[in-house]
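*Asks:* Following this line is entry-v3.cif, made up of mmCIF, C-alpha atoms:
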```cif
data_target
loop_
_atom_site.label_atom_id
_atom_site.label_comp_id
_atom_site.auth_asym_id
_atom_site.auth_seq_id
_atom_site.Cartn_x
_atom_site.Cartn_y
_atom_site.Cartn_z
CA MET N 78 -14.51 167.64 113.37
CA ALA N 79 -14.29 167.32 109.57
CA LEU N 80 -17.46 167.77 107.56
CA THR N 81 -18.58 164.54 105.89
CA GLN N 82 -21.04 164.44 102.99
CA ARG N 83 -22.67 161.20 102.01
CA GLY N 84 -24.94 160.35 99.14
CA LYS N 85 -26.23 157.59 96.93
CA ALA N 86 -25.46 156.84 93.30
CA THR N 87 -27.57 155.11 90.70
CA ILE N 88 -25.49 153.84 87.80
CA ALA N 89 -27.49 153.10 84.67
CA GLY N 90 -26.64 150.27 82.31
CA ILE N 91 -24.63 148.05 84.65
CA THR N 92 -25.49 144.36 84.84
CA GLY N 93 -25.90 143.18 88.41
CA THR N 94 -26.08 145.19 91.61
CA ILE N 95 -23.30 147.34 92.98
CA ASP N 96 -23.40 148.71 96.52
CA VAL N 97 -21.45 151.95 96.61
CA VAL N 98 -20.86 155.03 98.68
CA VAL N 99 -20.08 158.16 96.66
CA TYR N 100 -18.81 161.31 98.27
CA PRO N 101 -16.69 164.34 97.46
CA VAL N 102 -13.17 163.84 98.75
CA LEU N 103 -12.97 166.95 100.91
CA GLN N 104 -9.17 166.98 101.20
CA SER N 105 -8.79 167.07 97.41
CA ALA N 106 -12.27 167.95 96.13
CA LYS N 107 -12.20 169.71 92.82
CA ALA N 108 -14.85 171.30 90.62
CA ASN N 109 -14.17 173.03 87.33
CA HIS N 110 -16.46 175.52 85.64
CA SER N 111 -15.88 175.86 81.89
CA PHE N 112 -17.50 177.18 78.73
CA GLU N 113 -16.67 178.02 75.13
CA GLU N 114 -16.23 181.72 74.44
CA GLU N 115 -16.76 183.49 71.12
CA LYS N 116 -15.52 187.08 70.77
CA VAL N 117 -17.03 189.36 68.12
CA ALA N 118 -14.93 192.23 66.79
CA ASP N 119 -16.02 195.46 65.12
CA ASN N 120 -14.53 196.84 61.89
CA ASN N 121 -11.52 198.17 63.83
CA GLY N 122 -10.77 194.79 65.39
CA SER N 123 -11.92 195.76 68.89
CA TYR N 124 -14.04 193.25 70.74
CA VAL N 125 -17.60 194.51 71.11
CA ALA N 126 -19.50 191.34 72.08
CA TRP N 127 -18.81 188.11 73.93
CA LEU N 128 -20.85 184.91 73.75
CA ALA N 129 -20.51 181.97 76.15
CA ARG N 130 -21.77 178.52 75.11
CA ASN N 131 -21.77 174.99 76.50
CA GLU N 132 -21.36 176.01 80.13
CA GLU N 133 -20.52 172.96 82.23
CA VAL N 134 -19.37 171.92 85.65
CA GLN N 135 -17.02 168.98 86.13
CA GLY N 136 -16.46 167.43 89.52
CA ASP N 137 -14.23 164.73 90.93
CA PHE N 138 -15.87 162.14 93.17
CA GLU N 139 -14.53 159.04 94.85
CA MET N 140 -16.62 155.89 95.00
CA ARG N 141 -16.03 153.01 97.41
CA LEU N 142 -17.18 149.53 96.39
CA ILE N 143 -18.76 147.77 99.32
CA GLY N 144 -17.56 144.18 99.45
CA ASP N 145 -14.75 142.21 97.85
CA SER N 146 -12.96 144.16 95.10
CA THR N 147 -12.19 140.96 93.21
CA ALA N 148 -15.89 140.06 93.06
CA ASN N 149 -16.77 143.54 91.82
CA ALA N 150 -14.09 143.33 89.14
CA SER N 151 -15.44 139.97 87.97
CA LEU N 152 -18.88 141.57 87.49
CA GLY N 153 -17.31 143.91 84.96
CA THR N 154 -17.56 146.92 87.25
CA ALA N 155 -13.90 147.89 87.21
CA PHE N 156 -14.55 150.57 84.59
CA LEU N 157 -17.69 152.36 83.46
CA SER N 158 -18.65 152.85 79.84
CA PRO N 159 -17.75 156.21 78.29
CA LEU N 160 -20.44 158.86 78.95
CA GLN N 161 -22.25 156.55 81.40
CA ILE N 162 -25.20 158.33 83.02
CA ILE N 163 -24.86 158.69 86.80
CA THR N 164 -27.43 160.22 89.14
CA LEU N 165 -26.21 161.63 92.44
CA HIS N 166 -28.87 162.34 95.07
CA ASP N 167 -29.42 162.75 98.79
CA PHE N 168 -26.33 164.91 99.31
CA LEU N 169 -26.71 167.48 102.08
CA ALA N 170 -24.70 169.82 99.85
CA THR N 171 -27.46 170.07 97.24
CA PRO N 172 -25.33 171.46 94.37
CA PHE N 173 -23.85 167.94 94.06
CA ASN N 174 -27.27 166.41 93.38
CA GLY N 175 -28.18 165.84 89.74
CA ILE N 176 -27.66 163.82 86.59
CA TYR N 177 -24.11 163.63 85.24
CA GLN N 178 -22.10 162.06 82.43
CA TYR N 179 -19.07 159.97 83.34
CA VAL N 180 -16.06 161.46 81.53
CA GLY N 181 -13.20 159.40 82.94
CA GLY N 182 -11.67 158.08 86.09
CA SER N 183 -9.45 155.46 87.68
CA VAL N 184 -9.89 152.31 89.70
CA ASP N 185 -7.99 150.79 92.63
CA LEU N 186 -8.84 147.13 93.28
CA LYS N 187 -7.04 145.10 95.95
CA SER N 188 -7.71 141.54 97.07
CA ASN N 189 -9.71 141.25 100.30
CA GLU N 190 -10.14 145.02 100.64
CA VAL N 191 -12.76 147.59 99.71
CA GLY N 192 -12.06 148.83 96.21
CA SER N 193 -12.34 152.42 95.09
CA LYS N 194 -12.99 154.38 91.92
CA ALA N 195 -12.27 158.00 91.18
CA LEU N 196 -15.00 159.42 88.97
CA LYS N 197 -14.84 162.57 86.86
CA LEU N 198 -18.42 163.66 86.19
CA ARG N 199 -19.81 166.40 83.93
CA ARG N 200 -23.09 168.26 84.14
CA TYR N 201 -24.24 171.07 81.85
CA VAL N 202 -25.60 174.19 83.55
CA ASP N 203 -28.39 174.58 80.98
CA SER N 204 -31.04 172.04 82.03
CA GLY N 205 -32.22 171.41 78.45
CA GLN N 206 -28.67 170.70 77.30
CA ASN N 207 -28.05 168.45 80.30
CA ILE N 208 -31.20 166.44 79.53
CA LEU N 209 -29.97 165.90 75.95
CA ALA N 210 -26.53 164.89 77.20
CA THR N 211 -27.86 162.40 79.75
CA THR N 212 -30.77 160.85 77.84
CA THR N 213 -30.38 157.78 75.67
CA PRO N 214 -32.41 158.14 72.45
CA SER N 215 -35.05 155.44 72.01
#
```
Take the structure from the file and write it as structure tokens.
*Replies:*
Amino acid sequence: MALTQRGKATIAGITGTIDVVVYPVLQSAKANHSFEEEKVADNNGSYVAWLARNEEVQGDFEMRLIGDSTANASLGTAFLSPLQIITLHDFLATPFNGIYQYVGGSVDLKSNEVGSKALKLRRYVDSGQNILATTTPS
């Protein structure tokens, strides 16, 4: 039997209520680990030091809209705002839990069917940096 992970999502800044199920799509789940690298050379041009900055993890998640897709679209929920803050929690696979930034995605809305969104989410590995990236200044 295939392993199924389920969780809940809280989407900040959206008017109205959206009932969703968010889960990693196991058949095509994807996570990318990236960082910026600076190489320092000595007087002979040989690399003698390496520095990694801005380490981040990006993951692809699929979200199902519970209810009529047309109604969800009319609420303005077809697309999220750039860098929207999304909290994933209650996943059995705990590495998925946390606060993310929305960095893109797609939407599939069909009349009289459950709609879906593909979300690309980013989270910084450094907790201080992730707090800065996911906090709205007051």
*Asks:* Tell me which residues come within 6 Å of (-10.3, 154.0, 89.0), as a list in words, counting all atoms listed in the file in the file's coordinates.
*Replies:*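 Within 6 Å of (-10.3, 154.0, 89.0), the protein and nucleic acid residues are Gly182, Ser183, Val184, Asp185, Lys194 and Ala195 of chain N.
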*Asks:* Please identify all polymer residues within 8 Å of Gly136 of chain N, counting all atoms listed in the file, omitting same-chain residues fewer than 6 positions from it, and present them as a PyMOL selection string.
*Replies:* chain N and resi 106-109+197-199
*Asks:* Do you have the atom CA of Tyr177 of chain N-atom CA of Leu165 of chain N distance handy?
*Replies:*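 Straight-line distance from atom CA of Tyr177 of chain N to atom CA of Leu165 of chain N works out to 7.8 Å.
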*Asks:* Between atom CA of Val134 of chain N and atom CA of His110 of chain N, what distance in Å does the model show, to one decimal?
*Replies:*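 These two atoms are separated by 4.6 Å.
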*Asks:* Could you check which of N:Gln161, N:Ser123, N:Thr212, N:Gln178 is closest to Gln135 of chain N, using all atoms listed in the file?
*Replies:*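 With all atoms listed in the file as the atom set, the closest residue is N:Gln178.
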*Asks:* Which residues, named as in the file, does the PyMOL selection byres ((chain N and resi 127) around 10) pick out? Answer as a ChimeraX atom specification.
*Replies:* /N:114-118,124-126,128-129
*Asks:* Find the distance between atom CA of Pro172 of chain N and atom CA of Thr211 of chain N and write it in Å to one decimal.
*Replies:*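 According to the coordinates, atom CA of Pro172 of chain N and atom CA of Thr211 of chain N are separated by 17.4 Å.
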*Asks:* Any idea what's packed within 6 Å of Tyr201 of chain N, counting all atoms listed in the file, ignoring anything in its chain fewer than 6 positions away? Could you give it as JSON, numbers by chain?
*Replies:* {"N": [132, 133, 207]}
*Asks:* Using all atoms listed in the file, pick whichever of N:Gly181, N:Leu160, N:Thr171, N:Ile176 has the shortest atom-to-atom distance to Leu196 of chain N.
*Replies:*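 The answer is N:Gly181, which sits nearest to Leu196 of chain N.
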*Asks:* Point out the residue among N:Val180, N:Thr213, N:Gln206, N:Ile162 with the least atom-to-atom distance to Asp137 of chain N, counting all atoms listed in the file.
*Replies:*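 Distance minimum relative to Asp137 of chain N lands on N:Val180.
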